[in-house]
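Text of final-v3.cif, listed as mmCIF, C-alpha atoms:
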data_start
loop_
_atom_site.group_PDB
_atom_site.id
_atom_site.type_symbol
_atom_site.label_atom_id
_atom_site.label_comp_id
_atom_site.auth_asym_id
_atom_site.auth_seq_id
_atom_site.Cartn_x
_atom_site.Cartn_y
_atom_site.Cartn_z
ATOM 1 C CA MET M 185 68.510 -7.487 103.966
ATOM 2 C CA ARG M 186 70.287 -8.169 107.190
ATOM 3 C CA ALA M 187 72.438 -5.026 106.697
ATOM 4 C CA ILE M 188 69.292 -2.935 106.498
ATOM 5 C CA TYR M 189 68.331 -3.983 110.013
ATOM 6 C CA ILE M 190 71.871 -3.994 111.433
ATOM 7 C CA LEU M 191 72.621 -0.370 110.528
ATOM 8 C CA PRO M 192 69.545 1.134 112.225
ATOM 9 C CA GLY M 193 70.208 -1.107 115.199
ATOM 10 C CA LEU M 194 73.741 0.155 115.479
ATOM 11 C CA ILE M 195 72.533 3.732 115.213
ATOM 12 C CA LEU M 196 69.895 3.134 117.879
ATOM 13 C CA ALA M 197 72.438 1.414 120.119
ATOM 14 C CA GLY M 198 74.856 4.337 119.633
ATOM 15 C CA ALA M 199 72.114 6.824 120.449
ATOM 16 C CA LEU M 200 71.162 4.875 123.562
ATOM 17 C CA LEU M 201 74.806 4.695 124.597
ATOM 18 C CA LEU M 202 75.325 8.412 124.085
ATOM 19 C CA SER M 203 72.146 9.306 125.973
ATOM 20 C CA SER M 204 73.231 7.130 128.891
ATOM 21 C CA VAL M 205 76.651 8.798 129.232
ATOM 22 C CA PHE M 206 77.287 12.275 130.601
ATOM 23 C CA ILE M 207 80.447 14.182 131.432
ATOM 24 C CA VAL M 208 80.983 15.875 134.781
ATOM 25 C CA ASP M 209 83.170 18.987 134.671
ATOM 26 C CA GLU M 210 85.535 19.668 137.583
ATOM 27 C CA ARG M 211 83.709 22.965 138.255
ATOM 28 C CA GLU M 212 80.310 21.367 138.813
ATOM 29 C CA LYS M 213 78.279 18.741 140.637
ATOM 30 C CA VAL M 214 75.593 16.580 139.067
ATOM 31 C CA LEU M 215 72.314 15.141 140.293
ATOM 32 C CA VAL M 216 70.678 12.223 138.506
ATOM 33 C CA LEU M 217 66.903 12.235 139.058
ATOM 34 C CA GLN M 218 64.345 9.608 138.181
ATOM 35 C CA PHE M 219 60.768 10.885 138.257
ATOM 36 C CA GLY M 220 61.888 13.694 140.611
ATOM 37 C CA GLU M 221 63.660 11.361 143.007
ATOM 38 C CA VAL M 222 67.403 11.612 143.531
ATOM 39 C CA LYS M 223 69.086 8.448 142.292
ATOM 40 C CA GLN M 224 72.700 9.535 142.032
ATOM 41 C CA VAL M 225 74.971 12.356 143.235
ATOM 42 C CA VAL M 226 78.143 12.835 141.202
ATOM 43 C CA ASP M 227 80.667 15.258 142.701
ATOM 44 C CA LYS M 228 83.797 13.934 140.971
ATOM 45 C CA PRO M 229 84.832 14.997 137.475
ATOM 46 C CA GLY M 230 84.721 12.354 134.747
ATOM 47 C CA LEU M 231 82.149 10.158 132.975
ATOM 48 C CA GLY M 232 78.795 9.255 134.481
ATOM 49 C CA PHE M 233 76.041 6.911 133.406
ATOM 50 C CA LYS M 234 72.254 7.069 133.632
ATOM 51 C CA ILE M 235 69.253 5.224 132.301
ATOM 52 C CA PRO M 236 68.309 6.799 128.991
ATOM 53 C CA PHE M 237 64.941 8.563 128.713
ATOM 54 C CA VAL M 238 64.129 7.731 132.325
ATOM 55 C CA GLN M 239 66.700 9.547 134.349
ATOM 56 C CA GLU M 240 67.601 13.246 134.007
ATOM 57 C CA VAL M 241 70.859 15.032 134.775
ATOM 58 C CA TYR M 242 70.899 18.388 136.629
ATOM 59 C CA ARG M 243 74.137 20.328 136.851
ATOM 60 C CA TYR M 244 75.064 22.742 139.664
ATOM 61 C CA ASP M 245 78.066 25.030 140.041
ATOM 62 C CA ASP M 246 80.601 23.655 142.528
ATOM 63 C CA ARG M 247 82.643 26.876 142.746
ATOM 64 C CA ILE M 248 82.519 29.567 145.428
ATOM 65 C CA LEU M 249 79.791 31.976 144.375
ATOM 66 C CA GLY M 250 79.283 35.639 145.214
ATOM 67 C CA LEU M 251 76.117 37.326 146.411
ATOM 68 C CA PRO M 252 75.916 41.150 146.597
ATOM 69 C CA THR M 253 72.983 42.167 148.771
ATOM 70 C CA GLN M 254 70.690 45.076 148.062
ATOM 71 C CA PRO M 255 71.165 48.254 150.172
ATOM 72 C CA LEU M 256 68.926 48.335 153.218
ATOM 73 C CA GLU M 257 68.369 50.776 156.063
ATOM 74 C CA VAL M 258 69.397 49.665 159.545
ATOM 75 C CA THR M 259 68.634 51.432 162.822
ATOM 76 C CA PRO M 260 71.292 50.805 165.518
ATOM 77 C CA LEU M 261 70.709 51.264 169.245
ATOM 78 C CA ASP M 262 71.294 55.025 169.110
ATOM 79 C CA ASP M 263 68.484 55.450 166.517
ATOM 80 C CA ARG M 264 70.888 56.738 163.892
ATOM 81 C CA ARG M 265 69.773 55.247 160.583
ATOM 82 C CA LEU M 266 72.407 53.747 158.303
ATOM 83 C CA VAL M 267 72.343 52.436 154.729
ATOM 84 C CA VAL M 268 74.176 49.097 154.628
ATOM 85 C CA ASP M 269 74.961 46.603 151.916
ATOM 86 C CA ALA M 270 77.130 43.501 152.023
ATOM 87 C CA PHE M 271 78.819 40.908 149.869
ATOM 88 C CA ALA M 272 78.627 37.199 150.741
ATOM 89 C CA ARG M 273 80.523 34.200 149.410
ATOM 90 C CA TRP M 274 78.845 30.808 149.491
ATOM 91 C CA ARG M 275 79.069 27.302 148.081
ATOM 92 C CA ILE M 276 76.824 24.265 147.624
ATOM 93 C CA VAL M 277 77.924 21.527 150.016
ATOM 94 C CA ASP M 278 74.902 19.180 150.197
ATOM 95 C CA LEU M 279 73.435 18.698 146.739
ATOM 96 C CA GLU M 280 70.416 16.610 147.813
ATOM 97 C CA ALA M 281 69.415 19.114 150.518
ATOM 98 C CA PHE M 282 69.941 21.922 148.049
ATOM 99 C CA ARG M 283 67.616 20.253 145.524
ATOM 100 C CA ARG M 284 64.949 19.675 148.141
ATOM 101 C CA ALA M 285 65.179 23.315 149.347
ATOM 102 C CA VAL M 286 65.137 25.165 146.040
ATOM 103 C CA GLY M 287 63.544 22.595 143.716
ATOM 104 C CA SER M 288 63.917 23.443 140.074
ATOM 105 C CA GLY M 289 64.788 27.073 140.877
ATOM 106 C CA GLY M 290 68.448 26.188 141.136
ATOM 107 C CA ILE M 291 71.094 28.842 141.836
ATOM 108 C CA GLU M 292 68.774 31.825 141.380
ATOM 109 C CA ALA M 293 66.302 30.512 143.941
ATOM 110 C CA ALA M 294 69.189 29.882 146.351
ATOM 111 C CA ARG M 295 70.437 33.457 145.831
ATOM 112 C CA SER M 296 67.023 34.843 146.669
ATOM 113 C CA ASN M 297 66.754 32.758 149.865
ATOM 114 C CA LEU M 298 70.309 33.618 150.922
ATOM 115 C CA ASP M 299 69.682 37.325 150.333
ATOM 116 C CA LYS M 300 66.720 37.217 152.733
ATOM 117 C CA ILE M 301 68.699 35.317 155.369
ATOM 118 C CA ILE M 302 71.719 37.636 155.232
ATOM 119 C CA ASN M 303 69.627 40.825 155.237
ATOM 120 C CA ALA M 304 67.728 39.583 158.282
ATOM 121 C CA GLU M 305 70.982 38.852 160.110
ATOM 122 C CA ILE M 306 72.420 42.251 159.177
ATOM 123 C CA ARG M 307 69.381 43.969 160.681
ATOM 124 C CA GLU M 308 69.517 41.840 163.822
ATOM 125 C CA VAL M 309 73.264 42.133 164.488
ATOM 126 C CA LEU M 310 73.710 45.810 163.607
ATOM 127 C CA GLY M 311 70.492 46.730 165.384
ATOM 128 C CA GLY M 312 72.011 45.535 168.667
ATOM 129 C CA VAL M 313 75.040 47.880 168.680
ATOM 130 C CA ASN M 314 75.706 51.618 168.480
ATOM 131 C CA SER M 315 76.342 53.265 165.136
ATOM 132 C CA GLN M 316 79.868 54.220 166.209
ATOM 133 C CA LYS M 317 80.844 50.565 166.302
ATOM 134 C CA VAL M 318 79.294 49.966 162.884
ATOM 135 C CA LEU M 319 81.095 52.951 161.341
ATOM 136 C CA SER M 320 84.439 52.201 162.954
ATOM 137 C CA GLU M 321 87.173 50.216 161.247
ATOM 138 C CA ASP M 322 87.088 47.598 163.993
ATOM 139 C CA ARG M 323 83.881 45.861 162.949
ATOM 140 C CA THR M 324 85.274 42.467 162.036
ATOM 141 C CA SER M 325 83.477 40.868 164.966
ATOM 142 C CA LEU M 326 80.131 42.137 163.625
ATOM 143 C CA MET M 327 80.785 40.670 160.176
ATOM 144 C CA ASN M 328 81.862 37.349 161.689
ATOM 145 C CA GLN M 329 78.690 37.250 163.782
ATOM 146 C CA ILE M 330 76.557 37.908 160.679
ATOM 147 C CA ARG M 331 78.435 35.156 158.829
ATOM 148 C CA ASP M 332 78.001 32.586 161.618
ATOM 149 C CA ASN M 333 74.291 33.307 162.068
ATOM 150 C CA SER M 334 73.704 33.178 158.308
ATOM 151 C CA ARG M 335 75.664 29.942 158.027
ATOM 152 C CA ALA M 336 73.518 28.261 160.661
ATOM 153 C CA LYS M 337 70.281 29.293 158.952
ATOM 154 C CA ALA M 338 71.528 28.523 155.451
ATOM 155 C CA ALA M 339 72.531 24.973 156.378
ATOM 156 C CA GLY M 340 68.978 23.841 155.581
ATOM 157 C CA LEU M 341 69.510 25.013 151.999
ATOM 158 C CA GLY M 342 72.469 22.691 151.615
ATOM 159 C CA VAL M 343 74.909 25.602 151.242
ATOM 160 C CA ASP M 344 77.784 26.952 153.320
ATOM 161 C CA VAL M 345 78.165 30.700 153.862
ATOM 162 C CA ILE M 346 81.931 31.156 153.694
ATOM 163 C CA ASP M 347 82.175 34.878 154.391
ATOM 164 C CA VAL M 348 80.111 38.050 154.732
ATOM 165 C CA ARG M 349 81.624 41.513 154.333
ATOM 166 C CA LEU M 350 79.986 44.890 154.868
ATOM 167 C CA THR M 351 80.852 46.889 151.768
ATOM 168 C CA ARG M 352 79.074 50.135 152.665
ATOM 169 C CA THR M 353 77.813 51.722 155.859
ATOM 170 C CA ASP M 354 76.656 55.277 155.093
ATOM 171 C CA LEU M 355 74.040 57.712 156.259
ATOM 172 C CA PRO M 356 70.862 58.048 154.174
ATOM 173 C CA GLU M 357 70.913 60.780 151.536
ATOM 174 C CA GLN M 358 68.358 62.889 153.409
ATOM 175 C CA ASN M 359 70.587 62.911 156.479
ATOM 176 C CA LEU M 360 73.861 63.681 154.720
ATOM 177 C CA GLU M 361 73.189 67.407 154.242
ATOM 178 C CA ALA M 362 72.195 67.839 157.885
ATOM 179 C CA THR M 363 75.291 65.934 158.958
ATOM 180 C CA PHE M 364 77.543 68.017 156.712
ATOM 181 C CA ALA M 365 75.931 71.214 158.012
ATOM 182 C CA ARG M 366 76.563 70.080 161.574
ATOM 183 C CA MET M 367 80.164 69.265 160.697
ATOM 184 C CA ARG M 368 80.612 72.672 159.052
ATOM 185 C CA ALA M 369 79.136 74.416 162.089
ATOM 186 C CA GLU M 370 81.481 72.483 164.357
ATOM 187 C CA ARG M 371 84.494 73.418 162.235
ATOM 188 C CA ASP M 372 83.359 77.072 162.136
ATOM 189 C CA ARG M 373 83.068 77.066 165.921
ATOM 190 C CA GLU M 374 86.555 75.586 166.269
ATOM 191 C CA ALA M 375 87.912 78.165 163.818
ATOM 192 C CA ALA M 376 86.239 80.996 165.759
ATOM 193 C CA ASP M 377 87.725 79.669 168.998
ATOM 194 C CA GLU M 378 91.178 79.527 167.414
ATOM 195 C CA ILE M 379 90.802 83.068 166.040
ATOM 196 C CA GLY M 380 89.649 84.311 169.440
ATOM 197 C CA ARG M 381 92.595 82.678 171.196
ATOM 198 C CA GLY M 382 94.940 84.103 168.563
ATOM 199 C CA ASN M 383 93.559 87.627 168.992
ATOM 200 C CA GLU M 384 93.852 87.318 172.758
ATOM 201 C CA ALA M 385 97.470 86.194 172.457
ATOM 202 C CA ALA M 386 98.170 89.035 170.013
ATOM 203 C CA GLN M 387 96.692 91.564 172.449
ATOM 204 C CA ARG M 388 98.900 90.206 175.235
ATOM 205 C CA VAL M 389 101.990 90.446 173.012
ATOM 206 C CA ARG M 390 101.126 93.990 171.915
ATOM 207 C CA ALA M 391 100.449 95.076 175.489
ATOM 208 C CA ALA M 392 103.742 93.589 176.664
ATOM 209 C CA ALA M 393 105.585 95.291 173.783
ATOM 210 C CA GLU M 394 103.907 98.635 174.539
ATOM 211 C CA ARG M 395 104.767 98.330 178.206
ATOM 212 C CA SER M 396 108.359 97.444 177.355
ATOM 213 C CA LYS M 397 108.549 100.441 174.997
ATOM 214 C CA VAL M 398 107.261 102.828 177.674
ATOM 215 C CA GLU M 399 109.672 101.405 180.232
ATOM 216 C CA ILE M 400 112.627 101.634 177.842
ATOM 217 C CA VAL M 401 111.763 105.210 176.770
ATOM 218 C CA SER M 402 111.224 106.271 180.391
ATOM 219 C CA GLN M 403 114.514 104.743 181.456
ATOM 220 C CA ALA M 404 116.324 106.349 178.508
ATOM 221 C CA SER M 405 114.725 109.747 179.240
ATOM 222 C CA LYS M 406 115.700 109.432 182.877
ATOM 223 C CA GLU M 407 119.277 108.586 182.002
ATOM 224 C CA ALA M 408 119.355 111.420 179.423
ATOM 225 C CA GLU M 409 118.102 113.932 181.978
ATOM 226 C CA VAL M 410 120.677 112.734 184.473
ATOM 227 C CA ILE M 411 123.462 113.018 181.905
ATOM 228 C CA ARG M 412 122.161 116.420 180.762
ATOM 229 C CA GLY M 413 121.977 117.631 184.341
ATOM 230 C CA GLU M 414 125.496 116.398 185.048
ATOM 231 C CA ALA M 415 126.728 118.084 181.849
ATOM 232 C CA ASP M 416 124.981 121.346 182.755
ATOM 233 C CA ALA M 417 126.470 121.200 186.208
ATOM 234 C CA LYS M 418 129.937 120.687 184.766
ATOM 235 C CA ARG M 419 129.372 123.483 182.235
ATOM 236 C CA ASN M 420 128.155 125.879 184.928
ATOM 237 C CA ALA M 421 131.085 124.923 187.106
ATOM 238 C CA ILE M 422 133.483 125.658 184.262
ATOM 239 C CA TYR M 423 131.716 128.962 183.516
ATOM 240 C CA ALA M 424 131.705 129.927 187.158
ATOM 241 C CA GLU M 425 135.395 129.159 187.473
ATOM 242 C CA ALA M 426 136.220 131.089 184.298
ATOM 243 C CA PHE M 427 133.998 134.026 185.123
ATOM 244 C CA GLY M 428 135.280 134.113 188.669
ATOM 245 C CA LYS M 429 138.769 134.663 187.350
ATOM 246 C CA ASP M 430 137.633 137.645 185.133
ATOM 247 C CA PRO M 431 134.292 139.308 186.050
ATOM 248 C CA GLU M 432 134.733 141.874 183.277
ATOM 249 C CA PHE M 433 134.938 139.096 180.699
ATOM 250 C CA PHE M 434 131.777 137.518 182.175
ATOM 251 C CA ALA M 435 129.878 140.784 181.818
ATOM 252 C CA PHE M 436 131.170 141.161 178.264
ATOM 253 C CA THR M 437 130.088 137.697 177.130
ATOM 254 C CA ARG M 438 126.692 138.110 178.773
ATOM 255 C CA SER M 439 126.188 141.374 176.871
ATOM 256 C CA LEU M 440 127.170 139.726 173.605
ATOM 257 C CA THR M 441 124.601 137.026 174.202
ATOM 258 C CA SER M 442 121.955 139.708 174.848
ATOM 259 C CA TYR M 443 122.933 141.523 171.643
ATOM 260 C CA GLU M 444 122.633 138.296 169.666
ATOM 261 C CA ARG M 445 119.129 137.628 170.926
ATOM 262 C CA ALA M 446 117.845 141.252 170.714
ATOM 263 C CA LEU M 447 119.422 142.554 167.529
ATOM 264 C CA GLN M 448 117.877 140.206 164.962
ATOM 265 C CA ALA M 449 116.217 140.753 161.595
ATOM 266 C CA GLY M 450 112.666 142.110 161.904
ATOM 267 C CA ASN M 451 113.361 143.502 165.438
ATOM 268 C CA SER M 452 115.036 146.841 164.590
ATOM 269 C CA SER M 453 112.889 149.098 166.795
ATOM 270 C CA MET M 454 114.023 149.509 170.397
ATOM 271 C CA VAL M 455 112.939 152.214 172.866
ATOM 272 C CA MET M 456 115.498 152.914 175.619
ATOM 273 C CA GLN M 457 117.908 155.610 176.741
ATOM 274 C CA PRO M 458 121.072 155.901 174.709
ATOM 275 C CA ASP M 459 123.179 155.862 177.833
ATOM 276 C CA SER M 460 121.524 152.659 178.981
ATOM 277 C CA GLU M 461 123.711 149.966 180.392
ATOM 278 C CA PHE M 462 122.570 147.748 177.525
ATOM 279 C CA PHE M 463 124.690 149.784 175.062
ATOM 280 C CA GLU M 464 127.729 149.890 177.253
ATOM 281 C CA TYR M 465 129.842 147.721 174.991
ATOM 282 C CA LEU M 466 128.486 149.359 171.815
ATOM 283 C CA ARG M 467 129.925 152.729 172.757
ATOM 284 C CA SER M 468 133.594 153.417 172.068
ATOM 285 C CA GLU M 469 135.281 156.210 174.057
ATOM 286 C CA LYS M 470 138.504 155.984 172.041
ATOM 287 C CA PRO M 471 138.695 156.758 168.313
ATOM 288 C CA PRO M 472 139.773 153.906 166.166
ATOM 289 C CA VAL M 473 143.521 153.705 165.700
ATOM 290 C CA ALA M 474 144.659 154.263 162.116
ATOM 291 C CA ALA M 475 146.689 151.526 160.593
ATOM 292 C CA PRO M 476 150.405 152.391 160.273
ATOM 293 C CA ALA M 477 151.546 153.442 156.800
ATOM 294 C CA ALA M 478 153.538 150.980 154.822
ATOM 295 C CA PRO M 479 157.302 151.795 154.553
ATOM 296 C CA ALA M 480 158.466 153.352 151.239
ATOM 297 C CA ALA M 481 160.292 151.159 148.842
ATOM 298 C CA PRO M 482 164.078 151.773 148.682
ATOM 299 C CA ALA M 483 165.342 153.747 145.682
ATOM 300 C CA ALA M 484 167.047 151.795 142.978
ATOM 301 C CA GLN M 485 170.865 151.941 142.896
ATOM 302 C CA PRO M 486 172.377 153.382 139.735
#

As structure tokens - that is how I would like this structure written.
Amino acid sequence: MRAIYILPGLILAGALLLSSVFIVDEREKVLVLQFGEVKQVVDKPGLGFKIPFVQEVYRYDDRILGLPTQPLEVTPLDDRRLVVDAFARWRIVDLEAFRRAVGSGGIEAARSNLDKIINAEIREVLGGVNSQKVLSEDRTSLMNQIRDNSRAKAAGLGVDVIDVRLTRTDLPEQNLEATFARMRAERDREAADEIGRGNEAAQRVRAAAERSKVEIVSQASKEAEVIRGEADAKRNAIYAEAFGKDPEFFAFTRSLTSYERALQAGNSSMVMQPDSEFFEYLRSEKPPVAAPAAPAAPAAQP
């Protein structure tokens, strides 16, 4: 009979012991609540104890968590709208404050609150600068300012904002086509300017080449005329000297030249007196001399 009561007692004691023990993983923190009031904060890994059926254990992630924000439109000082989204890293540092701030919502409620805080800081910080600074590579100071402001406001949630990074800063879709068209027009204008400057340079080169050609040809023609004139002068001097030595020969050669030019094919009709001076060297007053006969061959010797 006593064993009948001992066994259920041992089982009940084991169940009570198991329900009063909990294990804390190294990746988490634990809150022990009693009727909604925080009784124990366990942030070290190992075994923990609680009052069975009275106290409850709530586990929270102790790792660094990520929070990608939703894209939002921001208007910088130059009224140029931008679509911006960011990525934040955060961690729970004060578990009691975290529980009071988010209640039973836990991590998801904290994410929602952090998203609102970070988006508000993005609008405030980026709205105070020009879009060129936002779009430039040197925007680390803006991200650090967003992080510091978000950290200060998120302290009431019991979390620490470790870092905030802007992952995208683009123009809205409706503005992209207009921007691309403006960029294309700018490139077309630059191309037209380059083509115009190239054509102008080509015209200058062609004009210089044409001028050089005219100058070279003129100089060559001048030198050729000078050489030709000097050659003609030398030729005439030689002719004059030769003809001066024999006037009859000069008259003869001049007549031969006239015959060559006048007596050509297709120009066989000439009207002039037969005793004209033109035919002086065509007339022969002496009969042609017969060629001497060839000497007879000697007779053969017997």

Kindly provide the residues of range 193-265 of chain M that approach range 278-296 of chain M to within 10 Å, each paired with its closest atom pair and their distance in Å to one decimal, based on all atoms listed in the file, listed by chain and increasing number, as a tab-separated table.
residue	atom	partner	partner_atom	distance
M:Lys213	CA	M:Leu279	CA	7.8
M:Val214	CA	M:Leu279	CA	8.2
M:Leu215	CA	M:Leu279	CA	7.4
M:Gly220	CA	M:Gly287	CA	9.6
M:Glu221	CA	M:Glu280	CA	9.8
M:Val222	CA	M:Glu280	CA	7.2
M:Lys223	CA	M:Glu280	CA	9.9
M:Gln224	CA	M:Glu280	CA	9.4
M:Val225	CA	M:Leu279	CA	7.4
M:Val226	CA	M:Leu279	CA	9.3
M:Asp227	CA	M:Leu279	CA	9.0
M:Tyr242	CA	M:Ser288	CA	9.3
M:Arg243	CA	M:Gly290	CA	9.2
M:Tyr244	CA	M:Ile291	CA	7.6
M:Asp245	CA	M:Ile291	CA	8.1
M:Asp246	CA	M:Leu279	CA	9.7
M:Leu249	CA	M:Arg295	CA	9.6
M:Gly250	CA	M:Arg295	CA	9.1
M:Leu251	CA	M:Arg295	CA	6.9
M:Pro252	CA	M:Arg295	CA	9.5
M:Thr253	CA	M:Arg295	CA	9.5

Discussion item. Which residues would end up in the selection if the PyMOL selection byres ((chain M and resi 347-352) around 12) were applied here, given that I need the answer as a PyMOL selection string?
Written reply: chain M and resi 248-258+266-275+298-299+301-303+305-306+310+318-335+344-346+353-356

Check your understanding: What lies within 7 Å of Ile207 in chain M using only C-alpha atoms, ignoring chain neighbours under 5 positions off, as a ChimeraX atom specification?
Key -> /M:230-232

Counting only C-alpha atoms, the option among M:Ala404, M:Thr437, M:Gly311, M:Ala304 closest to Tyr423 in chain M
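Looking at the shortest contact to Tyr423 in chain M, the residue is M:Thr437.
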